[in-house]
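The structure appears below as structure tokens.
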There are 4 protein chains.
Amino acid sequence: MAMTILDWPFITPGIPDAWFTRDRVPLTKEEIRVLTLAKARLGSGMTVYDIGAGTGSLAVEAARLVAPGQVLAVEVNPLACDLIRQNSERFNLGNLQVVAGEAPEVLAGLPAPDRVLIGGSGGRLKDILARCHNLLHPGGIIVINAITPETLTTALTFSQGRGYRVAALAASLARLEPAGRVHFWRSLNPVHIVQLIKE
Amino acid sequence: MAMTILDWPFITPGIPDAWFTRDRVPLTKEEIRVLTLAKARLGSGMTVYDIGAGTGSLAVEAARLVAPGQVLAVEVNPLACDLIRQNSERFNLGNLQVVAGEAPEVLAGLPAPDRVLIGGSGGRLKDILARCHNLLHPGGIIVINAITPETLTTALTFSQGRGYRVAALAASLARLEPAGRVHFWRSLNPVHIVQLIKE
Amino acid sequence: MAMTILDWPFITPGIPDAWFTRDRVPLTKEEIRVLTLAKARLGSGMTVYDIGAGTGSLAVEAARLVAPGQVLAVEVNPLACDLIRQNSERFNLGNLQVVAGEAPEVLAGLPAPDRVLIGGSGGRLKDILARCHNLLHPGGIIVINAITPETLTTALTFSQGRGYRVAALAASLARLEPAGRVHFWRSLNPVHIVQLIKE
Amino acid sequence: MAMTILDWPFITPGIPDAWFTRDRVPLTKEEIRVLTLAKARLGSGMTVYDIGAGTGSLAVEAARLVAPGQVLAVEVNPLACDLIRQNSERFNLGNLQVVAGEAPEVLAGLPAPDRVLIGGSGGRLKDILARCHNLLHPGGIIVINAITPETLTTALTFSQGRGYRVAALAASLARLEPAGRVHFWRSLNPVHIVQLIKE
């Protein structure tokens with residue numbers, strides 16, 4: 001299949017889910033991506049880590065927004081690494097780099113981040129947060145997408161006493177889908193979006 | 001009180017609610033603004049109507065995103081018109097114009113829109129949609145924030161058979177608030193965000 | 001397979017979904033059943049219609065609660081009628097009767113209801129409501145489970161000016177599911193539960 | 001004011017919030033009560049603890065359902081103890097006893113429970129769970145209403161490795177309220193209802 005270059009000509013994020021190649025890798029849904037990127041407060045020129053990048057949908061949107069800054073998409077699953085590369089190519093991005101390996105170890109030697117997005121942590125969230133905390137300058141922001149109560153709690157517990165302004169959003173979203181002459185509501189699974197702003 | 005100019009230095013929307021002067025006028029909450037703007041798919045240079053602009057929070061964010069395009073904030077309540085002007089000044093925006101009066105009549109003579117945001121309609125949503133439908137070119141997008149089932153239904157009914165791709169999102173959001181040593185969840189009221197893309 | 005008689009020895013509703021035979025017929029989820037039955041305000045001896053009864057899960061719970069009253073489970077799909085009978089037998093209920101056919105016509109000749117539950121209407125909700133309105137005495141209650149905005153609107157519109165006290169609940173529920181060492185949240189689709197109390 | 005005796009003549013729970021005297025004490029909302037009682041799987045003759053009983057709304061509903069069993073409403077706040085007594089009298093309940101004092105200490109000497117409802121714990125949830133765990137026989141059920149992520153996590157953590165079947169429900173509910181000719185949705189704050197069934 002010849003690669004078609006996709007162009008999202010808008011300044012707002014929210015690329016439809018179907019624009020991404022995903023195979024069976026979990027995809028951060030469009031509306032959750034939009035909220036996550038807003039909580040990350042992205043700006044031109046920033047360096048962004050996307051840890052547990054999955055299909056790279058969040059990384060693709062972030063790369064568009066921070067260009068000429070760069071996004072480092074950290075991912076341990078080789079299949080997912082391939083998907084991130086494919087999705088990056090589809091959107092013709094030159095500032096999205098795949099970092100294959102397990103966080104936090106694989107973060108060694110990377111440029112320090114302005115923003116850290118954490119979509120998956122393979123059970124090592126605390127270690128990842130500790131490393132990112134050390135790398136992050138004041139004003140830096142970490143955003144964690146928690147789909148388990150355990151992740152939410154680890155994020156809240158970690159941030160206590162370390163000089164973060166903490167906020168979180170519980171997002172229960174449903175999309176209207178056509179069903180013949182009518183429409184019905186189909187839920188997305190709930191996501192808790194944690195925002196940690198380093199003071 | 002001397003006006004302090006506020007600067008939101010990020011490319012992503014999501015200005016905190018507290019940055020806006022609101023008196024007792026309804027404010028579109030930060031996260032709902034973010035989702036609404038994403039569904040509107042804004043781009044540089046666009047002309048945007050914000051109908052029922054309220055405090056102007058959505059108009060302010062849109063004006064930043066579409067500059068040098070312009071936002072026309074339509075509002076019938078004089079107190080709210082003042083708030084929109086104040087909020088526009090606070091963010092030092094030159095491309096946000098208040099259009100005082102009742103839609104759809106007050107829309108006569110305005111430049112045609114690329115995007116229409118409808119936050120309030122004073123019970124005249126059908127008339128407003130009919131007018132905007134005539135003004136909107138193919139590819140244009142209308143986004144309606146519905147806080148009542150009646151508004152949702154009017155929007156869905158209007159869009160049928162008129163050549164729109166229809167989507168809607170039900171957003172049930174809650175924010176985590178600190179309460180002593182712990183945090184508790186506080187809900188925002190649900191909003192249904194309807195996106196109509198003209199084909 | 002020999003039929004095992006199931007016994008739900010509790011006074012509160014909330015029989016687990018897995019206790020019902022469902023094939024591919026839509027099942028009203030446990031928690032939605034509980035809320036629906038509560039909004040119906042059931043009492044011993046009542047006659048209850050369950051229109052669009054599906055698998056009969058709601059009818060089974062209602063039959064337990066109103067005994068020696070009776071539940072008339074109205075259903076047009078023959079496969080679903082079989083399931084209702086199977087589920088009724090499993091719970092050894094003598095006061096749950098399947099009424100095979102299409103509402104409202106099939107309601108002719110049935111005893112008047114104290115309560116009407118409407119889970120499905122095959123696009124004929126308005127006719128069904130009109131008929132039930134005529135049959136229902138003051139103090140009677142109709143509860144509609146709406147999974148589409150169209151159903152919600154039809155129910156709200158019908159009830160206006162006909163002497164009903166109207167309430168509705170939007171239920172966005174998610175269940176925690178074990179996933180290895182952690183748990184994750186899985187959403188149920190949203191349901192709008194409309195309660196119409198005849199004055 | 002002469003006390004009017006209230007009668008809820010239905011077998012299903014779901015007494016309207018307005019039927020309870022509440023002053024400024026937190027009230028478990030009608031729909032949350034209904035879900036909580038369902039998850040507790042109440043039966044006639046049971047002994048139920050309601051810990052952190054607040055206004056007693058949950059205790060009142062439970063007392064009706066388990067009669068001639070009894071409900072022990074444990075509450076440390078003297079004002080709330082008064083409210084529970086008032087609400088109990090209003091519903092003419094003889095099987096609801098207020099236990100004034102702090103859990104878990106005040107539980108000493110009480111009859112063992114079949115069911116434990118925990119609506120508030122004053123930061124001592126772990127101790128309360130430990131005590132109730134010792135008192136509860138196999139098949140007994142603990143239901144915790146968590147409005148903070150910390151409570152949810154404490155409940156999940158406690159139950160691990162102690163022989164419980166664990167389930168939880170995240171309830172994001174909104175009620176439709178009339179607003180002139182239309183209705184709008186007003187959210188309740190989210191509650192996480194944890195069900196622990198002792199095996």
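Lettering and numbering for the structure tokens are positional, with chains as A, B, ... in the shown order, residues counted from 1 in each chain, and ligands counted from 1 in the shown order.
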
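Residues in contact with region 15-18 of chain A at 8 Å, where only C-alpha atoms are counted and same-chain residues fewer than 3 positions away are skipped, are listed as Trp8, Thr21, Leu27, Lys29, Glu30 and Glu61 of chain A.
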
Written selection (all heavy atoms) as a CSV table (one decimal), in the first residue's frame:
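Writing the result to result25.csv gives the following:
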chain,number,residue,atom,x,y,z
A,8,TRP,N,-3.5,17.5,8.6
A,8,TRP,CA,-4.5,18.0,9.5
A,8,TRP,C,-4.3,19.5,9.5
A,8,TRP,O,-3.4,20.0,10.1
A,8,TRP,CB,-4.3,17.4,10.9
A,8,TRP,CG,-5.4,17.9,11.9
A,8,TRP,CD1,-5.2,18.8,12.9
A,8,TRP,CD2,-6.7,17.5,11.9
A,8,TRP,NE1,-6.3,19.0,13.6
A,8,TRP,CE2,-7.3,18.2,13.0
A,8,TRP,CE3,-7.5,16.7,11.2
A,8,TRP,CZ2,-8.7,18.1,13.4
A,8,TRP,CZ3,-8.9,16.6,11.5
A,8,TRP,CH2,-9.4,17.2,12.6
A,21,THR,N,-3.2,4.5,12.1
A,21,THR,CA,-3.1,3.0,12.0
A,21,THR,C,-2.9,2.5,13.5
A,21,THR,O,-2.1,3.1,14.2
A,21,THR,CB,-1.8,2.7,11.2
A,21,THR,OG1,-2.0,3.2,9.9
A,21,THR,CG2,-1.6,1.2,11.1
A,27,LEU,N,-5.4,2.9,21.6
A,27,LEU,CA,-5.3,4.3,21.0
A,27,LEU,C,-6.0,5.2,22.0
A,27,LEU,O,-7.0,5.0,22.5
A,27,LEU,CB,-6.1,4.2,19.7
A,27,LEU,CG,-6.3,5.6,19.0
A,27,LEU,CD1,-5.0,5.9,18.2
A,27,LEU,CD2,-7.5,5.5,18.0
A,29,LYS,N,-8.2,8.0,22.7
A,29,LYS,CA,-9.3,8.5,21.8
A,29,LYS,C,-9.2,10.0,21.6
A,29,LYS,O,-8.7,10.8,22.5
A,29,LYS,CB,-10.6,8.2,22.5
A,29,LYS,CG,-10.9,6.7,22.7
A,29,LYS,CD,-11.0,6.0,21.3
A,29,LYS,CE,-11.3,4.5,21.5
A,29,LYS,NZ,-10.3,3.7,22.3
A,30,GLU,N,-9.7,10.4,20.5
A,30,GLU,CA,-9.7,11.8,20.0
A,30,GLU,C,-9.9,12.8,21.2
A,30,GLU,O,-9.1,13.7,21.4
A,30,GLU,CB,-10.7,12.1,18.9
A,30,GLU,CG,-10.8,13.5,18.4
A,30,GLU,CD,-12.0,13.7,17.6
A,30,GLU,OE1,-12.4,12.8,16.8
A,30,GLU,OE2,-12.6,14.8,17.7
A,61,GLU,N,0.0,14.4,17.5
A,61,GLU,CA,-0.7,15.7,17.7
A,61,GLU,C,0.3,16.6,18.4
A,61,GLU,O,0.3,17.8,18.1
A,61,GLU,CB,-2.0,15.5,18.6
A,61,GLU,CG,-3.0,14.6,17.9
A,61,GLU,CD,-4.3,15.4,17.7
A,61,GLU,OE1,-4.3,16.5,17.3
A,61,GLU,OE2,-5.4,14.7,17.9

Find the residues near region 140-156 of chain D: any atom within 6 Å, counting only C-alpha atoms, skip ones fewer than 2 places away on the same chain, and give them as a list in words. His183 and Phe184 of chain B; Asp114, Arg115, Val116, Leu117, Ile118, Gly119, Leu136, His137, Pro138, Phe158, Ser159, Val191, His192, Ile193, Val194, Gln195, Leu196, Ile197 and Lys198 of chain D

Mind listing the strand (DSSP E or B) residues of chain B, per DSSP on the backbone, as a PyMOL selection string? chain B and resi 47-51+70-75+96-100+115-118+141-146+164-179+182-187+191-198

Atomic distance CA of Ala112 (chain A) - CA of Asn77 (chain A), expressed in Å with one decimal: 23.0 Å

Test item: residues at most 10 Å from Thr55 (chain C), only C-alpha atoms, excluding those fewer than 4 positions along its chain, as a ChimeraX atom specification: /C:20-28,59-60,73,75,79-88

Mind running chain B against chain A at 10 Å and telling me each contacting residue's nearest atom pair with the distance in Å (one decimal), counting only C-alpha atoms, chain and number ascending, as a tab-separated table?
residue	atom	partner	partner_atom	distance
B:Trp8	CA	A:Arg41	CA	9.4
B:Pro9	CA	A:Gly43	CA	7.1
B:Phe10	CA	A:Gly43	CA	4.7
B:Ile11	CA	A:Gly43	CA	5.1
B:Thr12	CA	A:Ala38	CA	5.3
B:Pro13	CA	A:Ala38	CA	5.9
B:Gly14	CA	A:Ala38	CA	5.6
B:Ile15	CA	A:Ala38	CA	8.9
B:Glu30	CA	A:Ala38	CA	9.4
B:Glu31	CA	A:Leu35	CA	6.8
B:Ile32	CA	A:Leu35	CA	9.2
B:Arg33	CA	A:Leu35	CA	10.0
B:Val34	CA	A:Leu35	CA	6.7
B:Leu35	CA	A:Val34	CA	6.7
B:Leu37	CA	A:Thr12	CA	7.0
B:Ala38	CA	A:Thr12	CA	5.3
B:Lys39	CA	A:Gly14	CA	7.2
B:Ala40	CA	A:Thr12	CA	8.3
B:Arg41	CA	A:Thr12	CA	5.7
B:Leu42	CA	A:Phe10	CA	5.5
B:Gly43	CA	A:Phe10	CA	4.7
B:Ser44	CA	A:Ile11	CA	7.1
B:Ala62	CA	A:Thr12	CA	9.9
B:Leu65	CA	A:Ile11	CA	7.0
B:Val66	CA	A:Ile11	CA	8.2
B:Leu156	CA	A:His183	CA	9.4
B:Gln160	CA	A:Arg181	CA	9.9
B:Val166	CA	A:Pro178	CA	8.9
B:Ala167	CA	A:Leu176	CA	6.2
B:Ala168	CA	A:Leu176	CA	5.1
B:Leu169	CA	A:Arg175	CA	4.7
B:Ala170	CA	A:Ala174	CA	5.0
B:Ala171	CA	A:Leu173	CA	4.8
B:Ser172	CA	A:Ser172	CA	5.1
B:Leu173	CA	A:Ala171	CA	4.8
B:Ala174	CA	A:Ala170	CA	5.0
B:Arg175	CA	A:Leu169	CA	4.7
B:Leu176	CA	A:Ala168	CA	5.1
B:Glu177	CA	A:Ala167	CA	7.4
B:Pro178	CA	A:Ala167	CA	8.8
B:Arg181	CA	A:Gln160	CA	9.9
B:Val182	CA	A:Leu156	CA	9.8
B:His183	CA	A:Leu156	CA	9.4
B:Trp185	CA	A:Ala170	CA	8.1
B:Arg186	CA	A:Ala170	CA	9.4
B:Ser187	CA	A:Ala170	CA	8.7
B:Pro190	CA	A:Leu173	CA	9.7
B:His192	CA	A:Ala174	CA	9.3
B:Ile193	CA	A:Arg175	CA	9.6
B:Val194	CA	A:Leu176	CA	9.1

Among the residues of region 28-150 of chain B, find those DSSP assigns to helix (DSSP H, G or I) from the backbone and print them as a ChimeraX atom specification. /B:30-40,57-66,78-90,105-107,125-135,149-150
